[in-house]
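Q: I am attaching a structure below and will ask some questions about it afterwards.
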Protein chains: 2
Amino acid sequence: MSVKSAKDGAGAPLVKNAAGRLVPAVINGEAAIPFKGVAGHVPTGRKAAPPVRHCGAFPLDGNKVVADVKTALRNAGLRDGMTIGTHHHLRNGDFVGNMVLQAAAELGVKDIRWMPSAAFPVHAPVVDLLEAGVVRWIEGSMNGPLGDYCTLGKMKGMAVLRSHGGRWQAIQDGEVHIDLAVIAAPTADPFGNATGDRGPSACGLLGFALADSMYADHVIVVTDNLVPFPCVPWQIQGNNVDQVVVVDRIGDPAKIVSGTTQLTKSPDRLLIAELTARFCDEAGIVRDGFSFQAGAGGTALSFAIFLRDIMRERKIKARFVRGGSTQYLVQMLEEGLTDYILDGQTFDLEGVRSMRENPGHVNTSPFTSYNWHGKGNFASLLDATVLGATEVDLDFNANVVTHSDGRLLHGIGGWQNCLFGKCTILPIPSFRDRIPVLVDRVTTLCGPGELIDVVVTERGIAINPRRRDLCDKLRGSSLPIRPLAEIKAEVEELCGGRPEPPDTTEKVVAAVKWVDGTVIDGVRQLKAIKGGALGGGGD
Amino acid sequence: MSVKSAKDGAGAPLVKNAAGRLVPAVINGEAAIPFKGVAGHVPTGRKAAPPVRHCGAFPLDGNKVVADVKTALRNAGLRDGMTIGTHHHLRNGDFVGNMVLQAAAELGVKDIRWMPSAAFPVHAPVVDLLEAGVVRWIEGSMNGPLGDYCTLGKMKGMAVLRSHGGRWQAIQDGEVHIDLAVIAAPTADPFGNATGDRGPSACGLLGFALADSMYADHVIVVTDNLVPFPCVPWQIQGNNVDQVVVVDRIGDPAKIVSGTTQLTKSPDRLLIAELTARFCDEAGIVRDGFSFQAGAGGTALSFAIFLRDIMRERKIKARFVRGGSTQYLVQMLEEGLTDYILDGQTFDLEGVRSMRENPGHVNTSPFTSYNWHGKGNFASLLDATVLGATEVDLDFNANVVTHSDGRLLHGIGGWQNCLFGKCTILPIPSFRDRIPVLVDRVTTLCGPGELIDVVVTERGIAINPRRRDLCDKLRGSSLPIRPLAEIKAEVEELCGGRPEPPDTTEKVVAAVKWVDGTVIDGVRQLKAIKGGALGGGGD
């Protein structure tokens, strides 16, 4: 690994990692470990150790309610340079992230590191707080205006993008110390027990906030639905909570979960979904007791529907399916097509209802499902994992955070973690807006090709040659199995050539972490933003 | 606090603590903190930090099953002087504790510190392992032969007795480092997810093993009921588990939980139970939304029945009740007399069934309920807490581990933790086997009198004068409210005087910890064991 003498805009030296990418060796003043290969980094050391507290310092009647967010932040001793953790279960309906950072601004606090599990367009007001120096940088997925702000190199610190499992790993390992966690809770009791599966702002589960509640020095629960002790279930345990704040509304229900989730209507996407389901079937994956994970995007949902039809016809029952849960997975559970939904986040009202009512609809967390620094996790147990991507190159490397135009538009979500499934399939269109998705070299490397087994496009299915077993199994199939290079050439001809390279500087504006905390790539500063949003990765 | 120059048998100096008791300043070679008053000790420092692991070191298919217990111990690197943690949910039906220590013996390992959450008569074979030097000492409640062995001063190390909350605190704070946790699991999957609420050896919950699973360096799950992944619910998370062992039987179901729990038939005990219920009523405790905790002993159960009758008659509904759950609490839940059972351990088959089926029957752990070194715990939220005792003195100090004969017969259980309830009531007979229970000075101090509010005997009810509010409230009551000294004098007359002092040496054979890890008292070596077992404390 060679240290490049050139400095990036932030002055950090770049080093070449095991994937051949130039990545920052120092991130926001702290040394970073370059990617060493998919499982090349062996951690040492011990987990983060939060301070020991004692009941004598808390009200014995269990009532931890304080007047308002600002009082809570003051009680917590919030000061310059601290790290605040929040979660994104309220998605684009979240009021709490802005509320907390605004209160920090009013208290005159500066240089906050904000570590949301993801930020959304609703958090656009944080741009002003970045400008004002209240927030110094963001570590977490950024969509919308914050993504653009970051891509243009305007953030004082370097952004850090992590998978859901990577966020758990970073907090658990003490790589990121959260001083103050603020948890938006759809229902809570005065002791701080909290749940997401009920209340006017119900969002399902609160798994993304779990690490924060366990490892932060100080934990504040903010709710708009206070119930008498005990709040059952206690997805967040009050024994980890310091203070509770009651507000009028923690979010906009209409933007937290969908009323219903939509299947794709695009004929191309439907074809891709159908090919994916048929591939799973012909590969021998769809059998009694199998498992799969599919997201809540239109194509993934349609894949689940095609799969369901196969299962019904063949009377095949899955042992478990993983979501993002939706009405479609819930129907499968209720119809007896699966024993369990192991749910990572809930996307529609039916998902929330099912989680609340059905013991077969089980909450998970990034610890159970995704944390690479655990004694195993659930992701590698999946028989089939269906994921999106913004770009895939000829070595099956994939990108999920930027597009070919270099714009940071998506979070990693559970995407990197899911790559460890037994058969990882990317059902993607071969081009978007006349720009090829199949490329020579992905703009940002998020997932190494050795973990990606199959790419399904509307023009054919490419099996990773490393998966000789799958190639053999599908030999003679009626499915359109084709080399990836062949599909790529066809698309380039159709689109009039390869994508234009993005007009970037050398400066890294966002480090992309691998599941083990090493740096797999960096997002480069873009000189200008062109065009609109495109579909893609997870949240 | 004065250091006494006299050494105890193990050579440790004794110091006088804030309760005026002479306690060891050093326990098994490590400095101990003398009791500083009920909430006098303010902890500093950080929680224990287990080593960071990574998925690359575990089978990606999630199958952690190994051949047998001995193989698992060898894989775990068990060696001389290590600490092994086990739990007591299988009570006197447990096979796993003996299995593990026997396997350690066969591997030639010496000087083990065994830290069960409690030991039972079924663990009598451990006496031989103590004699052979395989086990050096035990930290955990001891009943039966192990209690006698300890009382007679035969154990090489000093025993340490802790409450359930104190055990969590000690492990969480790193006061006791568990090298190897072995968890007897009535149902588990190959990944190590485990539950106690189903399977041929079902015991209800596994909360006493939770700290071990989180903080031990290495965790082994032993089950006799392996199910395909996922084992739902996962009371123990497979992500904390290193290995899984499948054995023929983990225990004897007939001795794990009772078929049914029995109410007392003794007229005296029934009277005590009734007086306790009437006291709660007249004190204004029994009102809509109230809460109580009662154990599974005959008197406590009968108290719950009397209370139930009052609630039915008055159409009063509790918000929650805490158990040890039994068929009687389950009936109350199913009848709608309480919203929730918050269950700490399950005592009969109906309790196990209800926990499995009823979302209102909620699992708790020593973390949620009892840990003093948390941000509050559930115990102090209880409106009434009904507990046993082996002795009570005129200052309302109580003993729960020894009797007046000095014999170590009972564990502390959740007893100390429960003393923090809003009204702590000890319904106890005024004498047992013609030996007064009301004494001048308790043989072993387990609970400071300032936390004990009421003593109910068959000869009258004594209210702690510190609780002026209760004295005022009950003034003019038809209940037999009497000074404790008066009841004591009456009993002494009846029994022919005070209890004989036990014939002990100065040597401390077991340190009794307070909920915060300080030493509240020590059990003295008894020169000889006389007589049989008596009723008493918690497990």
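Every chain in the structure tokens takes a letter, A first, then B, and so on in the order presented; its residues are numbered from 1, and the ligands are numbered from 1 following the presented order.
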Restrict the distance test to only C-alpha atoms, flag each residue of chain B within 6 Å of chain A, and return the flagged residues as a list in words.
A: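 Those within range of chain A come out as Gly45, Arg46, Lys47, Ala49, Pro50, Pro51, Val52, Arg53, His54, Cys55, Phe58, Leu60, Asp61, Asn239, Asn240, Trp372, His373, Gly374, Lys375, Gly376, Ser380 and Leu381 of chain B.
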Q: Take the residues from that selection and put them in a file with N, CA and C atoms, as a PDB file, in the first residue's frame.
A:
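As a result, part-v3.pdb now contains:
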ATOM      1  N   GLY B  45     -16.048   5.115  36.930  1.00  0.00           N
ATOM      2  CA  GLY B  45     -15.528   4.155  35.962  1.00  0.00           C
ATOM      3  C   GLY B  45     -16.543   3.769  34.916  1.00  0.00           C
ATOM      4  N   ARG B  46     -16.131   2.814  34.100  1.00  0.00           N
ATOM      5  CA  ARG B  46     -16.937   2.414  32.961  1.00  0.00           C
ATOM      6  C   ARG B  46     -17.287   0.935  33.036  1.00  0.00           C
ATOM      7  N   LYS B  47     -18.285   0.565  32.281  1.00  0.00           N
ATOM      8  CA  LYS B  47     -18.733  -0.836  32.294  1.00  0.00           C
ATOM      9  C   LYS B  47     -17.660  -1.760  31.722  1.00  0.00           C
ATOM     10  N   ALA B  49     -15.928  -4.296  29.244  1.00  0.00           N
ATOM     11  CA  ALA B  49     -15.886  -4.226  27.787  1.00  0.00           C
ATOM     12  C   ALA B  49     -15.431  -5.578  27.233  1.00  0.00           C
ATOM     13  N   PRO B  50     -16.351  -6.373  26.740  1.00  0.00           N
ATOM     14  CA  PRO B  50     -15.963  -7.673  26.179  1.00  0.00           C
ATOM     15  C   PRO B  50     -15.140  -7.489  24.901  1.00  0.00           C
ATOM     16  N   PRO B  51     -14.373  -8.507  24.543  1.00  0.00           N
ATOM     17  CA  PRO B  51     -13.540  -8.395  23.339  1.00  0.00           C
ATOM     18  C   PRO B  51     -14.380  -8.244  22.079  1.00  0.00           C
ATOM     19  N   VAL B  52     -13.858  -7.503  21.119  1.00  0.00           N
ATOM     20  CA  VAL B  52     -14.522  -7.376  19.820  1.00  0.00           C
ATOM     21  C   VAL B  52     -14.247  -8.646  19.014  1.00  0.00           C
ATOM     22  N   ARG B  53     -15.271  -9.275  18.517  1.00  0.00           N
ATOM     23  CA  ARG B  53     -15.134 -10.455  17.659  1.00  0.00           C
ATOM     24  C   ARG B  53     -15.459 -10.057  16.228  1.00  0.00           C
ATOM     25  N   HIS B  54     -15.330 -10.982  15.302  1.00  0.00           N
ATOM     26  CA  HIS B  54     -15.732 -10.676  13.921  1.00  0.00           C
ATOM     27  C   HIS B  54     -16.271 -11.926  13.240  1.00  0.00           C
ATOM     28  N   CYS B  55     -17.181 -11.689  12.308  1.00  0.00           N
ATOM     29  CA  CYS B  55     -17.893 -12.788  11.654  1.00  0.00           C
ATOM     30  C   CYS B  55     -16.947 -13.726  10.908  1.00  0.00           C
ATOM     31  N   PHE B  58     -16.349 -16.977  12.531  1.00  0.00           N
ATOM     32  CA  PHE B  58     -17.498 -17.838  12.826  1.00  0.00           C
ATOM     33  C   PHE B  58     -18.059 -18.393  11.526  1.00  0.00           C
ATOM     34  N   LEU B  60     -20.086 -18.896   8.442  1.00  0.00           N
ATOM     35  CA  LEU B  60     -21.026 -17.972   7.797  1.00  0.00           C
ATOM     36  C   LEU B  60     -22.407 -18.583   7.613  1.00  0.00           C
ATOM     37  N   ASP B  61     -22.497 -19.920   7.652  1.00  0.00           N
ATOM     38  CA  ASP B  61     -23.828 -20.531   7.557  1.00  0.00           C
ATOM     39  C   ASP B  61     -24.540 -20.526   8.906  1.00  0.00           C
ATOM     40  N   ASN B 239     -25.947 -13.784  18.513  1.00  0.00           N
ATOM     41  CA  ASN B 239     -24.812 -12.920  18.162  1.00  0.00           C
ATOM     42  C   ASN B 239     -23.819 -12.773  19.306  1.00  0.00           C
ATOM     43  N   ASN B 240     -24.227 -13.191  20.511  1.00  0.00           N
ATOM     44  CA  ASN B 240     -23.308 -13.187  21.653  1.00  0.00           C
ATOM     45  C   ASN B 240     -22.749 -14.576  21.942  1.00  0.00           C
ATOM     46  N   TRP B 372     -28.755  -1.907  40.418  1.00  0.00           N
ATOM     47  CA  TRP B 372     -28.624  -0.600  41.061  1.00  0.00           C
ATOM     48  C   TRP B 372     -27.735   0.326  40.230  1.00  0.00           C
ATOM     49  N   HIS B 373     -26.825  -0.251  39.508  1.00  0.00           N
ATOM     50  CA  HIS B 373     -25.942   0.551  38.670  1.00  0.00           C
ATOM     51  C   HIS B 373     -26.495   0.723  37.254  1.00  0.00           C
ATOM     52  N   GLY B 374     -27.752   1.053  37.192  1.00  0.00           N
ATOM     53  CA  GLY B 374     -28.404   1.430  35.944  1.00  0.00           C
ATOM     54  C   GLY B 374     -29.010   2.814  36.106  1.00  0.00           C
ATOM     55  N   LYS B 375     -29.669   3.262  35.060  1.00  0.00           N
ATOM     56  CA  LYS B 375     -30.346   4.560  35.106  1.00  0.00           C
ATOM     57  C   LYS B 375     -31.751   4.338  35.661  1.00  0.00           C
ATOM     58  N   GLY B 376     -31.805   3.933  36.909  1.00  0.00           N
ATOM     59  CA  GLY B 376     -33.050   3.491  37.519  1.00  0.00           C
ATOM     60  C   GLY B 376     -33.272   2.012  37.277  1.00  0.00           C
ATOM     61  N   SER B 380     -37.947   0.003  42.306  1.00  0.00           N
ATOM     62  CA  SER B 380     -38.382   1.138  43.122  1.00  0.00           C
ATOM     63  C   SER B 380     -39.723   1.707  42.671  1.00  0.00           C
ATOM     64  N   LEU B 381     -40.249   1.179  41.576  1.00  0.00           N
ATOM     65  CA  LEU B 381     -41.544   1.662  41.078  1.00  0.00           C
ATOM     66  C   LEU B 381     -42.736   0.918  41.689  1.00  0.00           C
TER      67      LEU B 381
END
Q: Write out as a VMD selection string each polymer residue whose atoms come within 7 Å of range 261-277 of chain B, counting only C-alpha atoms; drop sequence neighbours fewer than 5 positions from it.
A: chain B and resid 298 to 303 306 to 307 326 348 427 456 to 458
Q: Within 12 Å of Leu494 in chain B, counting only C-alpha atoms, which residues show up once you throw out same-chain ones fewer than 6 positions away? Write them as an MDAnalysis selection string, please.
A: chainID B and resid 430:436 459 487:488
Q: I need the residues from that last selection saved to file as a compact mmCIF listing (two decimals), in the first residue's frame (with N, CA and C atoms), if you can.
A:
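And here is the file that came out, result.txt:
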# COMPACT_ATOMS: atom_id res chain seq x y z
N SER B 430 -43.75 -15.14 63.65
CA SER B 430 -42.93 -14.52 64.71
C SER B 430 -41.92 -15.51 65.28
N PHE B 431 -42.14 -16.79 65.05
CA PHE B 431 -41.15 -17.80 65.44
C PHE B 431 -41.25 -18.99 64.49
N ARG B 432 -40.15 -19.75 64.41
CA ARG B 432 -40.13 -20.99 63.62
C ARG B 432 -39.49 -22.07 64.47
N ASP B 433 -40.12 -23.23 64.53
CA ASP B 433 -39.57 -24.34 65.33
C ASP B 433 -39.22 -23.87 66.75
N ARG B 434 -40.06 -23.06 67.31
CA ARG B 434 -39.89 -22.51 68.67
C ARG B 434 -38.68 -21.58 68.80
N ILE B 435 -38.17 -21.12 67.68
CA ILE B 435 -37.08 -20.13 67.74
C ILE B 435 -37.62 -18.80 67.25
N PRO B 436 -37.50 -17.75 68.07
CA PRO B 436 -38.04 -16.44 67.64
C PRO B 436 -37.37 -15.95 66.36
N ARG B 459 -49.05 -12.31 65.20
CA ARG B 459 -49.37 -11.64 66.46
C ARG B 459 -49.54 -10.15 66.31
N ILE B 487 -44.25 -7.25 70.23
CA ILE B 487 -44.45 -8.57 69.63
C ILE B 487 -43.25 -9.46 69.99
N LYS B 488 -42.06 -8.86 69.89
CA LYS B 488 -40.84 -9.62 70.18
C LYS B 488 -40.86 -10.17 71.61
Q: Please extract the residues of range 123-223 of chain B with a backbone DSSP assignment of strand (DSSP E) and present them as a PDB file with N, CA and C atoms, in the first residue's frame.
A:
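The resulting file, part.pdb, is shown below:
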ATOM      1  N   VAL B 135     -12.906 -26.867  41.611  1.00  0.00           N
ATOM      2  CA  VAL B 135     -13.554 -25.591  41.924  1.00  0.00           C
ATOM      3  C   VAL B 135     -12.894 -25.035  43.177  1.00  0.00           C
ATOM      4  N   ARG B 136     -12.532 -23.760  43.137  1.00  0.00           N
ATOM      5  CA  ARG B 136     -11.869 -23.171  44.305  1.00  0.00           C
ATOM      6  C   ARG B 136     -12.885 -22.501  45.229  1.00  0.00           C
ATOM      7  N   TRP B 137     -13.782 -21.758  44.627  1.00  0.00           N
ATOM      8  CA  TRP B 137     -14.873 -21.213  45.430  1.00  0.00           C
ATOM      9  C   TRP B 137     -16.070 -20.888  44.568  1.00  0.00           C
ATOM     10  N   ILE B 138     -17.173 -20.582  45.240  1.00  0.00           N
ATOM     11  CA  ILE B 138     -18.448 -20.321  44.572  1.00  0.00           C
ATOM     12  C   ILE B 138     -18.889 -18.895  44.889  1.00  0.00           C
ATOM     13  N   SER B 141     -25.677 -17.856  45.298  1.00  0.00           N
ATOM     14  CA  SER B 141     -26.466 -18.430  46.383  1.00  0.00           C
ATOM     15  C   SER B 141     -26.220 -19.916  46.492  1.00  0.00           C
ATOM     16  N   MET B 142     -26.146 -20.386  47.711  1.00  0.00           N
ATOM     17  CA  MET B 142     -25.945 -21.813  47.922  1.00  0.00           C
ATOM     18  C   MET B 142     -27.028 -22.376  48.818  1.00  0.00           C
ATOM     19  N   ALA B 159     -16.781 -17.451  49.815  1.00  0.00           N
ATOM     20  CA  ALA B 159     -17.987 -17.319  49.000  1.00  0.00           C
ATOM     21  C   ALA B 159     -18.407 -15.852  48.951  1.00  0.00           C
ATOM     22  N   VAL B 160     -19.094 -15.479  47.883  1.00  0.00           N
ATOM     23  CA  VAL B 160     -19.653 -14.138  47.792  1.00  0.00           C
ATOM     24  C   VAL B 160     -21.129 -14.286  47.443  1.00  0.00           C
ATOM     25  N   LEU B 161     -21.976 -13.715  48.292  1.00  0.00           N
ATOM     26  CA  LEU B 161     -23.419 -13.780  48.063  1.00  0.00           C
ATOM     27  C   LEU B 161     -23.904 -12.435  47.548  1.00  0.00           C
ATOM     28  N   LEU B 180     -16.006 -17.640  30.921  1.00  0.00           N
ATOM     29  CA  LEU B 180     -16.782 -18.603  30.152  1.00  0.00           C
ATOM     30  C   LEU B 180     -18.184 -18.697  30.734  1.00  0.00           C
ATOM     31  N   ALA B 181     -19.186 -18.394  29.909  1.00  0.00           N
ATOM     32  CA  ALA B 181     -20.571 -18.543  30.347  1.00  0.00           C
ATOM     33  C   ALA B 181     -21.159 -19.777  29.687  1.00  0.00           C
ATOM     34  N   VAL B 182     -21.844 -20.582  30.464  1.00  0.00           N
ATOM     35  CA  VAL B 182     -22.531 -21.750  29.905  1.00  0.00           C
ATOM     36  C   VAL B 182     -24.010 -21.591  30.205  1.00  0.00           C
ATOM     37  N   ILE B 183     -24.811 -21.588  29.147  1.00  0.00           N
ATOM     38  CA  ILE B 183     -26.228 -21.279  29.281  1.00  0.00           C
ATOM     39  C   ILE B 183     -27.062 -22.501  28.919  1.00  0.00           C
ATOM     40  N   ALA B 184     -27.753 -23.035  29.912  1.00  0.00           N
ATOM     41  CA  ALA B 184     -28.678 -24.145  29.681  1.00  0.00           C
ATOM     42  C   ALA B 184     -29.916 -23.578  29.005  1.00  0.00           C
ATOM     43  N   ALA B 185     -30.200 -24.051  27.783  1.00  0.00           N
ATOM     44  CA  ALA B 185     -31.276 -23.450  26.988  1.00  0.00           C
ATOM     45  C   ALA B 185     -32.327 -24.496  26.622  1.00  0.00           C
ATOM     46  N   THR B 187     -34.622 -24.320  24.530  1.00  0.00           N
ATOM     47  CA  THR B 187     -34.733 -24.358  23.064  1.00  0.00           C
ATOM     48  C   THR B 187     -33.672 -23.422  22.502  1.00  0.00           C
ATOM     49  N   ALA B 188     -33.030 -23.858  21.415  1.00  0.00           N
ATOM     50  CA  ALA B 188     -32.005 -23.017  20.792  1.00  0.00           C
ATOM     51  C   ALA B 188     -31.885 -23.391  19.331  1.00  0.00           C
ATOM     52  N   ALA B 194     -31.537 -18.465  21.774  1.00  0.00           N
ATOM     53  CA  ALA B 194     -32.078 -19.414  22.749  1.00  0.00           C
ATOM     54  C   ALA B 194     -33.261 -18.823  23.502  1.00  0.00           C
ATOM     55  N   THR B 195     -34.159 -19.712  23.912  1.00  0.00           N
ATOM     56  CA  THR B 195     -35.314 -19.294  24.708  1.00  0.00           C
ATOM     57  C   THR B 195     -35.615 -20.341  25.771  1.00  0.00           C
ATOM     58  N   HIS B 218     -16.480 -15.711  26.435  1.00  0.00           N
ATOM     59  CA  HIS B 218     -16.870 -16.845  25.596  1.00  0.00           C
ATOM     60  C   HIS B 218     -18.205 -17.390  26.117  1.00  0.00           C
ATOM     61  N   VAL B 219     -19.116 -17.688  25.204  1.00  0.00           N
ATOM     62  CA  VAL B 219     -20.468 -18.108  25.599  1.00  0.00           C
ATOM     63  C   VAL B 219     -20.841 -19.414  24.903  1.00  0.00           C
ATOM     64  N   ILE B 220     -21.232 -20.391  25.712  1.00  0.00           N
ATOM     65  CA  ILE B 220     -21.649 -21.690  25.176  1.00  0.00           C
ATOM     66  C   ILE B 220     -23.109 -21.916  25.546  1.00  0.00           C
ATOM     67  N   VAL B 221     -23.919 -22.238  24.557  1.00  0.00           N
ATOM     68  CA  VAL B 221     -25.320 -22.594  24.805  1.00  0.00           C
ATOM     69  C   VAL B 221     -25.435 -24.119  24.764  1.00  0.00           C
ATOM     70  N   VAL B 222     -26.050 -24.684  25.795  1.00  0.00           N
ATOM     71  CA  VAL B 222     -26.277 -26.135  25.850  1.00  0.00           C
ATOM     72  C   VAL B 222     -27.782 -26.366  25.802  1.00  0.00           C
ATOM     73  N   THR B 223     -28.230 -27.142  24.835  1.00  0.00           N
ATOM     74  CA  THR B 223     -29.668 -27.343  24.678  1.00  0.00           C
ATOM     75  C   THR B 223     -30.009 -28.812  24.462  1.00  0.00           C
TER      76      THR B 223
END
Q: For CA of Gly81 in chain B and CA of Ala211 in chain B, quote the distance in Å rounded to one decimal.
A: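 Computed distance, CA of Gly81 in chain B to CA of Ala211 in chain B, equals 20.6 Å.
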